[in-house]
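Containing TSV, C-alpha atoms and all ligand atoms: target_38.tsv.
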chain	number	residue	atom	x	y	z
A	114	MET	CA	171.45	80.50	74.50
A	115	PHE	CA	174.35	79.19	72.50
A	116	LYS	CA	172.19	76.50	70.99
A	117	ARG	CA	170.14	79.00	69.09
A	118	ILE	CA	173.10	81.10	68.05
A	119	SER	CA	175.04	78.18	66.64
A	120	ALA	CA	172.00	76.48	65.19
A	121	LEU	CA	172.57	75.25	61.68
A	122	VAL	CA	169.64	73.32	60.40
A	123	VAL	CA	170.52	70.54	58.05
A	124	ALA	CA	167.14	69.71	56.63
A	125	GLY	CA	166.58	66.33	55.11
A	126	LEU	CA	169.78	64.84	56.48
A	127	ALA	CA	167.83	62.07	58.20
A	128	ALA	CA	166.58	60.66	54.94
A	129	MET	CA	169.96	61.12	53.28
A	130	SER	CA	171.94	59.38	55.96
A	131	VAL	CA	169.52	56.46	56.17
A	132	ALA	CA	170.08	55.96	52.46
A	133	ALA	CA	173.85	56.31	52.78
A	134	CYS	CA	173.86	53.81	55.61
A	135	GLY	CA	171.80	51.28	53.67
A	136	SER	CA	174.30	51.29	50.86
A	137	GLY	CA	177.19	50.76	53.26
A	138	GLY	CA	178.88	54.19	52.99
A	139	SER	CA	181.98	54.32	50.81
A	140	THR	CA	185.34	53.87	52.48
A	141	THR	CA	185.18	52.84	56.14
A	142	ALA	CA	182.20	50.50	56.15
A	143	GLY	CA	182.23	46.86	55.14
A	144	THR	CA	184.13	43.85	56.38
A	145	SER	CA	186.72	43.55	53.65
A	146	GLY	CA	189.68	42.48	55.80
A	147	GLY	CA	192.18	45.24	56.84
A	148	GLY	CA	190.63	45.54	60.34
A	149	ASP	CA	192.98	48.45	61.14
A	150	SER	CA	190.51	51.04	59.83
A	151	THR	CA	187.63	49.95	62.10
A	152	ILE	CA	186.36	52.86	64.16
A	153	THR	CA	185.67	52.23	67.83
A	154	MET	CA	182.97	54.38	69.41
A	155	GLY	CA	182.28	54.65	73.13
A	156	PHE	CA	178.60	55.54	73.65
A	157	SER	CA	177.19	56.57	77.01
A	158	GLN	CA	173.41	56.31	76.99
A	159	VAL	CA	171.15	58.13	79.49
A	160	GLY	CA	169.25	55.04	80.61
A	161	ALA	CA	166.19	53.00	79.67
A	162	GLU	CA	163.58	55.34	81.11
A	163	SER	CA	161.13	55.48	78.20
A	164	GLY	CA	159.94	53.95	74.95
A	165	TRP	CA	161.83	56.73	73.20
A	166	ARG	CA	165.08	55.70	74.87
A	167	THR	CA	164.64	52.03	74.00
A	168	ALA	CA	164.10	52.95	70.35
A	169	ASN	CA	167.10	55.29	70.43
A	170	THR	CA	169.38	52.60	71.86
A	171	LYS	CA	168.29	50.14	69.17
A	172	SER	CA	168.82	52.74	66.47
A	173	VAL	CA	172.37	53.45	67.67
A	174	GLN	CA	173.26	49.75	68.02
A	175	ASP	CA	171.80	48.77	64.64
A	176	ALA	CA	173.41	51.72	62.87
A	177	ALA	CA	176.83	50.94	64.35
A	178	LYS	CA	176.57	47.39	63.05
A	179	ASN	CA	175.49	48.55	59.60
A	180	ALA	CA	178.28	51.11	59.46
A	181	GLY	CA	180.97	48.62	60.56
A	182	ILE	CA	181.69	50.68	63.69
A	183	GLU	CA	182.66	48.82	66.85
A	184	LEU	CA	180.36	50.08	69.60
A	185	LYS	CA	181.15	50.10	73.31
A	186	PHE	CA	177.82	50.83	74.95
A	187	SER	CA	176.92	51.72	78.52
A	188	ASP	CA	173.64	52.62	80.24
A	189	ALA	CA	173.96	55.31	82.95
A	190	GLN	CA	170.59	54.66	84.59
A	191	GLN	CA	169.79	58.39	84.48
A	192	LYS	CA	172.82	59.26	86.67
A	193	GLN	CA	175.38	61.83	85.62
A	194	GLU	CA	178.16	60.25	87.71
A	195	ASN	CA	177.72	56.98	85.79
A	196	GLN	CA	178.07	58.85	82.51
A	197	ILE	CA	181.23	60.59	83.69
A	198	LYS	CA	182.68	57.22	84.75
A	199	ALA	CA	181.80	55.69	81.37
A	200	ILE	CA	183.41	58.57	79.48
A	201	ARG	CA	186.58	58.28	81.59
A	202	SER	CA	186.73	54.57	80.88
A	203	TYR	CA	186.37	55.22	77.12
A	204	ILE	CA	189.25	57.69	77.36
A	205	GLN	CA	191.39	55.04	79.09
A	206	GLN	CA	190.47	52.49	76.45
A	207	LYS	CA	191.58	54.99	73.78
A	208	VAL	CA	188.44	54.71	71.66
A	209	ASP	CA	188.46	56.67	68.38
A	210	ILE	CA	185.38	58.70	69.23
A	211	ILE	CA	183.01	59.23	72.14
A	212	ALA	CA	179.30	59.93	71.70
A	213	PHE	CA	176.89	60.55	74.52
A	214	SER	CA	173.47	61.81	75.40
A	215	PRO	CA	173.98	63.98	78.50
A	216	VAL	CA	171.34	63.29	81.15
A	217	VAL	CA	171.48	66.91	82.41
A	218	GLU	CA	172.85	70.05	80.76
A	219	SER	CA	175.48	71.24	83.22
A	220	GLY	CA	178.64	69.88	84.81
A	221	TRP	CA	180.45	68.38	81.83
A	222	ASP	CA	183.44	70.69	81.28
A	223	THR	CA	186.00	68.74	83.31
A	224	VAL	CA	185.42	65.36	81.73
A	225	LEU	CA	185.07	66.86	78.24
A	226	LYS	CA	188.42	68.61	78.76
A	227	GLU	CA	189.95	65.24	79.66
A	228	ALA	CA	188.70	63.80	76.36
A	229	GLN	CA	190.02	66.81	74.49
A	230	ASN	CA	193.44	66.48	76.14
A	231	ALA	CA	193.49	62.81	75.12
A	232	LYS	CA	192.62	63.96	71.55
A	233	ILE	CA	189.43	61.92	71.47
A	234	PRO	CA	186.63	63.77	69.65
A	235	VAL	CA	183.18	63.92	71.24
A	236	ILE	CA	179.75	64.07	69.59
A	237	LEU	CA	176.68	65.08	71.59
A	238	THR	CA	173.61	63.16	70.59
A	239	ASP	CA	169.96	63.78	71.51
A	240	ARG	CA	170.60	66.18	74.45
A	241	ALA	CA	172.79	69.27	74.73
A	242	VAL	CA	175.24	70.53	77.36
A	243	ASP	CA	175.28	74.17	78.50
A	244	SER	CA	179.07	74.46	78.35
A	245	LYS	CA	180.32	77.81	77.03
A	246	ASP	CA	183.35	76.17	75.43
A	247	THR	CA	181.91	74.71	72.26
A	248	SER	CA	185.33	73.38	71.21
A	249	LEU	CA	184.76	70.58	73.74
A	250	TYR	CA	182.58	68.71	71.25
A	251	LYS	CA	182.47	68.46	67.46
A	252	THR	CA	178.75	68.60	66.85
A	253	PHE	CA	175.37	68.23	68.49
A	254	LEU	CA	172.86	65.97	66.75
A	255	GLY	CA	169.30	66.08	68.05
A	256	SER	CA	165.90	67.71	68.12
A	257	ASP	CA	165.01	71.33	68.71
A	258	PHE	CA	163.25	70.89	72.06
A	259	VAL	CA	162.23	74.55	72.35
A	260	GLU	CA	160.41	74.24	69.04
A	261	GLU	CA	158.70	71.07	70.29
A	262	GLY	CA	157.39	73.02	73.30
A	263	ARG	CA	156.18	75.80	71.00
A	264	LYS	CA	154.29	73.29	68.84
A	265	ALA	CA	152.53	71.94	71.94
A	266	GLY	CA	151.62	75.49	73.00
A	267	LYS	CA	150.33	76.43	69.54
A	268	TRP	CA	147.94	73.49	69.48
A	269	LEU	CA	146.55	74.54	72.85
A	270	VAL	CA	146.07	78.16	71.80
A	271	GLU	CA	144.19	76.99	68.70
A	272	GLU	CA	142.10	74.47	70.67
A	273	TYR	CA	140.87	77.16	73.08
A	274	LYS	CA	140.72	80.07	70.66
A	275	ASP	CA	136.98	80.59	71.13
A	276	SER	CA	137.00	80.36	74.91
A	277	THR	CA	137.47	83.20	77.37
A	278	ASP	CA	137.34	81.02	80.49
A	279	PRO	CA	140.54	80.26	82.37
A	280	VAL	CA	142.34	77.11	81.16
A	281	ASN	CA	143.97	75.23	84.05
A	282	ILE	CA	147.05	73.33	82.94
A	283	VAL	CA	149.17	70.82	84.82
A	284	GLU	CA	152.64	70.03	83.53
A	285	LEU	CA	154.64	66.84	83.92
A	286	GLN	CA	158.25	67.86	83.36
A	287	GLY	CA	161.02	65.58	82.17
A	288	THR	CA	164.16	64.87	84.20
A	289	THR	CA	165.12	67.95	86.20
A	290	GLY	CA	168.00	69.82	84.58
A	291	SER	CA	167.78	67.92	81.29
A	292	ALA	CA	167.75	69.81	78.02
A	293	PRO	CA	164.38	68.43	76.87
A	294	ALA	CA	162.71	69.33	80.20
A	295	ASN	CA	164.17	72.86	80.25
A	296	ASP	CA	163.47	73.57	76.60
A	297	ARG	CA	160.05	71.95	76.26
A	298	LYS	CA	158.91	74.00	79.25
A	299	ALA	CA	160.38	77.22	77.84
A	300	GLY	CA	158.92	76.80	74.34
A	301	PHE	CA	155.46	75.99	75.68
A	302	GLN	CA	155.54	78.91	78.12
A	303	GLU	CA	156.64	81.28	75.37
A	304	ILE	CA	153.47	80.54	73.39
A	305	ILE	CA	150.82	80.21	76.11
A	306	GLY	CA	152.31	83.10	78.11
A	307	ALA	CA	150.93	85.50	75.51
A	308	GLU	CA	147.36	84.86	76.76
A	309	SER	CA	146.45	85.31	80.41
A	310	LYS	CA	143.63	82.73	80.35
A	311	PHE	CA	146.25	79.94	80.27
A	312	LYS	CA	147.38	79.10	83.79
A	313	ILE	CA	149.89	76.43	84.78
A	314	VAL	CA	148.40	75.45	88.13
A	315	ALA	CA	150.95	72.72	88.93
A	316	SER	CA	154.26	71.65	87.39
A	317	GLN	CA	156.51	68.89	88.62
A	318	THR	CA	159.02	66.36	87.31
A	319	GLY	CA	157.92	62.85	86.43
A	320	ASP	CA	161.48	61.94	85.39
A	321	PHE	CA	160.30	60.84	81.92
A	322	THR	CA	158.92	57.55	83.33
A	323	ARG	CA	155.46	56.03	83.29
A	324	ALA	CA	155.52	55.16	87.00
A	325	LYS	CA	156.44	58.69	88.06
A	326	GLY	CA	153.97	60.18	85.61
A	327	LYS	CA	151.19	58.24	87.30
A	328	GLU	CA	152.39	59.07	90.80
A	329	VAL	CA	152.66	62.82	90.17
A	330	MET	CA	149.35	62.97	88.27
A	331	ASP	CA	147.66	61.23	91.22
A	332	ALA	CA	148.92	64.03	93.46
A	333	PHE	CA	147.91	66.74	90.95
A	334	LEU	CA	144.36	65.35	90.81
A	335	LYS	CA	144.09	65.35	94.59
A	336	SER	CA	145.17	68.95	95.00
A	337	ASN	CA	143.54	70.46	91.88
A	338	PRO	CA	139.85	69.75	91.37
A	339	ASP	CA	139.66	71.69	88.11
A	340	ILE	CA	142.29	70.46	85.66
A	341	ASP	CA	141.49	71.16	82.01
A	342	VAL	CA	144.76	70.17	80.34
A	343	LEU	CA	147.81	68.01	80.95
A	344	TYR	CA	151.05	68.83	79.15
A	345	ALA	CA	153.49	65.94	79.60
A	346	HIS	CA	157.05	66.29	78.32
A	347	ASN	CA	156.93	62.73	76.97
A	348	ASP	CA	154.47	59.99	76.04
A	349	ASP	CA	155.46	57.67	78.87
A	350	MET	CA	154.59	60.18	81.59
A	351	GLY	CA	151.36	60.94	79.74
A	352	LEU	CA	150.50	57.23	79.64
A	353	GLY	CA	151.14	56.89	83.37
A	354	ALA	CA	148.98	59.97	83.96
A	355	ILE	CA	146.14	58.43	81.92
A	356	GLU	CA	146.02	55.57	84.45
A	357	ALA	CA	145.77	58.11	87.28
A	358	ILE	CA	143.04	60.07	85.48
A	359	GLU	CA	140.98	56.94	84.81
A	360	GLY	CA	141.55	55.85	88.40
A	361	ALA	CA	140.03	59.14	89.53
A	362	GLY	CA	136.91	58.44	87.45
A	363	LYS	CA	137.69	61.00	84.72
A	364	VAL	CA	137.94	60.49	80.98
A	365	PRO	CA	141.38	61.23	79.52
A	366	GLY	CA	141.20	63.16	76.25
A	367	LYS	CA	137.76	64.55	77.18
A	368	ASP	CA	137.54	65.69	80.82
A	369	ILE	CA	141.24	66.43	80.72
A	370	LYS	CA	142.88	67.15	77.36
A	371	ILE	CA	146.37	65.72	77.00
A	372	ILE	CA	149.36	66.87	74.97
A	373	THR	CA	152.58	64.85	74.96
A	374	VAL	CA	155.91	64.71	73.12
A	375	ASP	CA	157.71	61.79	71.36
A	376	ALA	CA	155.13	59.84	69.29
A	377	VAL	CA	156.28	56.36	70.27
A	378	LYS	CA	153.92	53.47	69.39
A	379	ASP	CA	152.10	53.32	72.75
A	380	GLY	CA	151.59	57.07	72.70
A	381	MET	CA	150.29	57.00	69.14
A	382	GLN	CA	147.92	54.17	70.06
A	383	ALA	CA	146.50	56.23	72.95
A	384	LEU	CA	146.17	59.19	70.56
A	385	ALA	CA	144.30	57.05	68.01
A	386	ASP	CA	142.09	55.75	70.86
A	387	GLY	CA	141.15	59.31	71.83
A	388	LYS	CA	142.93	59.27	75.21
A	389	ILE	CA	145.62	61.74	74.14
A	390	ASN	CA	144.66	64.77	72.05
A	391	TYR	CA	147.92	65.83	70.41
A	392	ILE	CA	151.50	64.56	70.15
A	393	VAL	CA	154.57	66.49	69.09
A	394	GLU	CA	156.99	64.11	67.41
A	395	CYS	CA	160.57	63.70	68.62
A	396	SER	CA	162.49	61.15	66.59
A	397	PRO	CA	164.77	58.70	68.42
A	398	LEU	CA	166.15	57.29	65.16
A	399	LEU	CA	169.44	59.14	65.39
A	400	GLY	CA	171.75	56.15	64.85
A	401	PRO	CA	172.42	56.41	61.09
A	402	GLN	CA	173.13	60.15	61.26
A	403	LEU	CA	175.35	59.64	64.29
A	404	MET	CA	177.49	57.00	62.54
A	405	ASP	CA	177.73	59.16	59.46
A	406	LEU	CA	178.95	62.12	61.50
A	407	ALA	CA	181.36	59.90	63.48
A	408	LYS	CA	183.05	58.65	60.32
A	409	LYS	CA	183.53	62.19	59.08
A	410	VAL	CA	184.88	63.44	62.40
A	411	VAL	CA	187.37	60.56	62.69
A	412	LYS	CA	188.56	61.27	59.13
A	413	GLY	CA	189.09	64.89	60.14
A	414	GLU	CA	186.37	66.20	57.86
A	415	GLN	CA	184.36	69.30	58.71
A	416	VAL	CA	180.88	68.67	60.14
A	417	PRO	CA	178.10	71.19	60.95
A	418	ALA	CA	178.15	72.41	64.56
A	419	ARG	CA	174.46	71.58	64.92
A	420	VAL	CA	172.35	68.97	63.15
A	421	VAL	CA	168.62	69.24	63.86
A	422	THR	CA	166.31	66.28	63.23
A	423	GLU	CA	163.17	66.85	61.20
A	424	GLU	CA	159.92	66.24	63.02
A	425	THR	CA	156.18	66.66	62.75
A	426	THR	CA	153.03	66.63	64.93
A	427	PHE	CA	149.99	64.33	65.09
A	428	ASP	CA	146.33	64.79	65.98
A	429	GLN	CA	143.96	61.87	66.57
A	430	GLU	CA	142.98	61.38	62.91
A	431	GLN	CA	146.58	61.52	61.72
A	432	ALA	CA	147.58	58.98	64.39
A	433	LYS	CA	145.00	56.50	63.06
A	434	GLN	CA	146.42	56.84	59.59
A	435	VAL	CA	150.12	56.35	60.40
A	436	LEU	CA	149.92	53.99	63.38
A	437	SER	CA	150.61	50.79	61.47
A	438	THR	CA	153.70	52.22	59.75
A	439	ARG	CA	155.44	53.68	62.83
A	440	GLN	CA	158.93	52.22	63.30
A	441	TYR	CA	159.10	52.80	67.05
A	501	LIG	O1	161.61	62.76	74.87
A	501	LIG	C1	162.06	61.11	76.52
A	501	LIG	C2	163.33	60.47	76.90
A	501	LIG	O2	166.03	63.17	75.40
A	501	LIG	C3	164.50	63.47	73.63
A	501	LIG	O3	164.30	61.50	76.74
A	501	LIG	C4	164.90	62.65	74.78
A	501	LIG	C5	163.82	62.42	75.82
A	501	LIG	C6	162.53	61.83	75.31
A	501	LIG	O4	163.32	59.81	78.06
A	501	LIG	O5	161.05	60.17	76.30
Take the structure in the file and give it back as C-alpha cells.
Ligand code: GYE
Amino acid sequence: MFKRISALVVAGLAAMSVAACGSGGSTTAGTSGGGDSTITMGFSQVGAESGWRTANTKSVQDAAKNAGIELKFSDAQQKQENQIKAIRSYIQQKVDIIAFSPVVESGWDTVLKEAQNAKIPVILTDRAVDSKDTSLYKTFLGSDFVEEGRKAGKWLVEEYKDSTDPVNIVELQGTTGSAPANDRKAGFQEIIGAESKFKIVASQTGDFTRAKGKEVMDAFLKSNPDIDVLYAHNDDMGLGAIEAIEGAGKVPGKDIKIITVDAVKDGMQALADGKINYIVECSPLLGPQLMDLAKKVVKGEQVPARVVTEETTFDQEQAKQVLSTRQY
C-alpha cells in the first residue's frame, strides 16, 4: 500500500508542535492588525461518533484559535456525500487550505481534483484515502492504524502464550471502508494469523459507536456460546459491548477478555476498573500539528508526505497510574 511506501515517520513532532503553538508560532500567528495574512481553513470532520472524535474536534478548534487561523468547520455525520459537499463549498468560498478526515478510503479523486484545479491545497488528517495520485494532497497527518492492530494482536499472543486451547475471538470493526477499520483488522490478523489456535469466530461493524457496539455484541453473544476475547476497533464500541456482556450475565475482563483502541477517558476508566484488559492508544490531539503544517503549506514550504503520531499502549495497572492526567 502506498501508505507504507511513502511513510516518513516524524518522531517527536507532537511535542514540538504543541510547544511551537503555545508560543504563538513566529510570523502568521497573533492578532497584530494587518488581517490580510490570516489563513482560512475549511475543515470537514467525519462526525461525532465517538469520544475520540469529540476530543479531535476540540483539538482542531482550539489549535486554530491559538494559531490565529480562521476555521470553517463542518460535521459530515459519517456520510461521504456530506464531506464532498463541504469540500465543494470550501472551494467555492476560496479558502486558503482544506483539511479533512475522510470517513472512508475510496472515492475522493474527483473532488480532490477540483480542489487542485482551484489551487487550494489539501491536508488529510486522521484518516487516509486510497487514491493513487498522491499529488492530490500535500500531506497525511495521523496514526499508523496497521501498527495499532499489530499491538493489539501482540498483547493477545503474549496473554495466551501458555495455552494450547483454541481462543475464540469476536471482532467489532469500525466504520466499513474506513482506514482505521481496514488497517486495525489487517494488523491484528497479521499477528494472530501466525498461530492457528486464534480463531475469529465473528466479525462485524459497530460503526465506531457505543450503541452499535452493544447491539452487535448482543447478537454475537446469542450466536456464539464460547467467546474468549473481544477485539473492538475503538473504546466506544468496547464500552457498548461491556453493557451487552454484563446483560448476558458474564463478567467483562474476566469471562471475556477485551482489547480496544483509542484510550479515551471512559475507556481508560473501564481498563482501570478491570472491565477492559488492554488498550492501544490512538491520539486525537492532532490540532496543533495540523495548524503547523497548514501554515507551512500555505507559505509554500516543503512538508513531509506523511506525519505519524506517536502512541503507546496501556494495561490495567498503567491505566490506574495515568488516568487522572489524561487530557481526553
Ligand atoms: O479510533 C474512532 C473514531 O479515525 C482514528 O475514528 C479515528 C477513529 C477512532 O470514531 O474512535
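Excluding A:Ala354 and any residue on its chain fewer than 4 positions from it, the residues at most 7 Å away by all atoms listed in the file are Gly326, Lys327, Met330, Met350 and Ile358 of chain A.
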At a cut-off of 9 Å and counting all atoms listed in the file, what residues surround ligand LIG 501 (chain A)? Please answer as a PDB file with C-alpha atoms, in the frame of the given file.
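Ended up saving to part_22.pdb:
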ATOM      1  CA  VAL A 159     171.150  58.130  79.490  1.00  0.00           C
ATOM      2  CA  GLY A 160     169.250  55.040  80.610  1.00  0.00           C
ATOM      3  CA  ALA A 161     166.190  53.000  79.670  1.00  0.00           C
ATOM      4  CA  GLU A 162     163.580  55.340  81.110  1.00  0.00           C
ATOM      5  CA  SER A 163     161.130  55.480  78.200  1.00  0.00           C
ATOM      6  CA  GLY A 164     159.940  53.950  74.950  1.00  0.00           C
ATOM      7  CA  TRP A 165     161.830  56.730  73.200  1.00  0.00           C
ATOM      8  CA  ARG A 166     165.080  55.700  74.870  1.00  0.00           C
ATOM      9  CA  THR A 167     164.640  52.030  74.000  1.00  0.00           C
ATOM     10  CA  ASN A 169     167.100  55.290  70.430  1.00  0.00           C
ATOM     11  CA  SER A 214     173.470  61.810  75.400  1.00  0.00           C
ATOM     12  CA  PRO A 215     173.980  63.980  78.500  1.00  0.00           C
ATOM     13  CA  VAL A 216     171.340  63.290  81.150  1.00  0.00           C
ATOM     14  CA  THR A 238     173.610  63.160  70.590  1.00  0.00           C
ATOM     15  CA  ASP A 239     169.960  63.780  71.510  1.00  0.00           C
ATOM     16  CA  ARG A 240     170.600  66.180  74.450  1.00  0.00           C
ATOM     17  CA  GLY A 255     169.300  66.080  68.050  1.00  0.00           C
ATOM     18  CA  SER A 256     165.900  67.710  68.120  1.00  0.00           C
ATOM     19  CA  PHE A 258     163.250  70.890  72.060  1.00  0.00           C
ATOM     20  CA  GLY A 287     161.020  65.580  82.170  1.00  0.00           C
ATOM     21  CA  THR A 288     164.160  64.870  84.200  1.00  0.00           C
ATOM     22  CA  SER A 291     167.780  67.920  81.290  1.00  0.00           C
ATOM     23  CA  ALA A 292     167.750  69.810  78.020  1.00  0.00           C
ATOM     24  CA  PRO A 293     164.380  68.430  76.870  1.00  0.00           C
ATOM     25  CA  ALA A 294     162.710  69.330  80.200  1.00  0.00           C
ATOM     26  CA  ASP A 320     161.480  61.940  85.390  1.00  0.00           C
ATOM     27  CA  PHE A 321     160.300  60.840  81.920  1.00  0.00           C
ATOM     28  CA  THR A 322     158.920  57.550  83.330  1.00  0.00           C
ATOM     29  CA  HIS A 346     157.050  66.290  78.320  1.00  0.00           C
ATOM     30  CA  ASN A 347     156.930  62.730  76.970  1.00  0.00           C
ATOM     31  CA  ASP A 348     154.470  59.990  76.040  1.00  0.00           C
ATOM     32  CA  ASP A 349     155.460  57.670  78.870  1.00  0.00           C
ATOM     33  CA  MET A 350     154.590  60.180  81.590  1.00  0.00           C
ATOM     34  CA  VAL A 374     155.910  64.710  73.120  1.00  0.00           C
ATOM     35  CA  ASP A 375     157.710  61.790  71.360  1.00  0.00           C
ATOM     36  CA  VAL A 377     156.280  56.360  70.270  1.00  0.00           C
ATOM     37  CA  GLU A 394     156.990  64.110  67.410  1.00  0.00           C
ATOM     38  CA  CYS A 395     160.570  63.700  68.620  1.00  0.00           C
ATOM     39  CA  SER A 396     162.490  61.150  66.590  1.00  0.00           C
ATOM     40  CA  PRO A 397     164.770  58.700  68.420  1.00  0.00           C
TER      41      PRO A 397
END
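One finds atom CA of A:Ile305 at 19.6 Å from atom CA of A:Gly351.
Compared by their closest atoms to A:Glu424, and using all atoms listed in the file, the residues A:Glu261, A:Asp275, A:Glu227, A:Asp331 rank with A:Glu261 nearest.
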* Protein, DNA and RNA residues within 8 Å of (136.2, 67.0, 84.3), all atoms listed in the file, as a VMD selection string -> chain A and resid 339 to 341 363 to 364 367 to 369
* Asked: A:Thr252: which residues within 12 Å, counting only C-alpha atoms, same-chain residues fewer than 6 positions away excluded, as a PyMOL selection string?
  -> chain A and resi 116+119-121+211-213+234-242+402-403+406-407+409-410+415-421
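Note that the spacing between atom CA of A:Pro365 and atom CA of A:Ile389 amounts to 6.9 Å.
Distance check against A:Thr277 using all atoms listed in the file: of A:Lys226, A:Lys185, A:Lys171, A:Lys310, the minimum falls on A:Lys310.
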* Asked: Using all atoms listed in the file, which of A:Asp278, A:Asp175, A:Asp379, A:Glu194 sits nearest A:Ser437?
  ->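 Under the stated criterion, the closest residue is A:Asp379.
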* Please provide as an MDAnalysis selection string all residues within 12 Å of A:Asn281, with the sequence filter that same-chain residues fewer than 6 positions apart are discarded (counting all atoms listed in the file). => chainID A and resid 269 273 305 309:316 333:334 337:344 368:370
* What would the list of residues within 9 Å of (141.6, 58.1, 63.1) (file frame) look like as a ChimeraX atom specification, if only C-alpha atoms are what count? -> /A:384-387,428-434
* Which of A:Thr289, A:Ser244, A:Ile210, A:Gln174 sits closest to A:Thr151 [using all atoms listed in the file] -> A:Ile210
* Calculate how many Å separate atom CA of A:Glu183 from atom CA of A:Ser150, rounding to one decimal. =>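 That distance, rounded to one decimal, is 10.8 Å.
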* Name the closest residue to A:Gln302 among the candidates A:Thr170, A:Leu225, A:Pro401, A:Val259; distances are taken between atoms, counting all atoms listed in the file. =>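 Nearest to A:Gln302: A:Val259.
Of the residues listed (A:Lys264, A:Lys412, A:Arg201, A:Lys335), A:Lys264 shows the shortest atom-to-atom separation from A:Thr425; distances use only C-alpha atoms.
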Put a box with edges along x, y and z around all the listed atoms of stretch 213-220 of chain A, pad it by 6 Å on each side, then give me its centre and sizes in Å, one decimal, as lines of an AutoDock Vina configuration file.
center_x = 175.0
center_y = 65.9
center_z = 79.7
size_x = 19.3
size_y = 22.7
size_z = 22.3
* To do: Do a neighbour search on A:Gly300 at 7 Å with all atoms listed in the file, toss out local chain neighbours closer than 6 positions, and write the hits as a VMD selection string.
  => chain A and resid 259 to 260 262 to 263
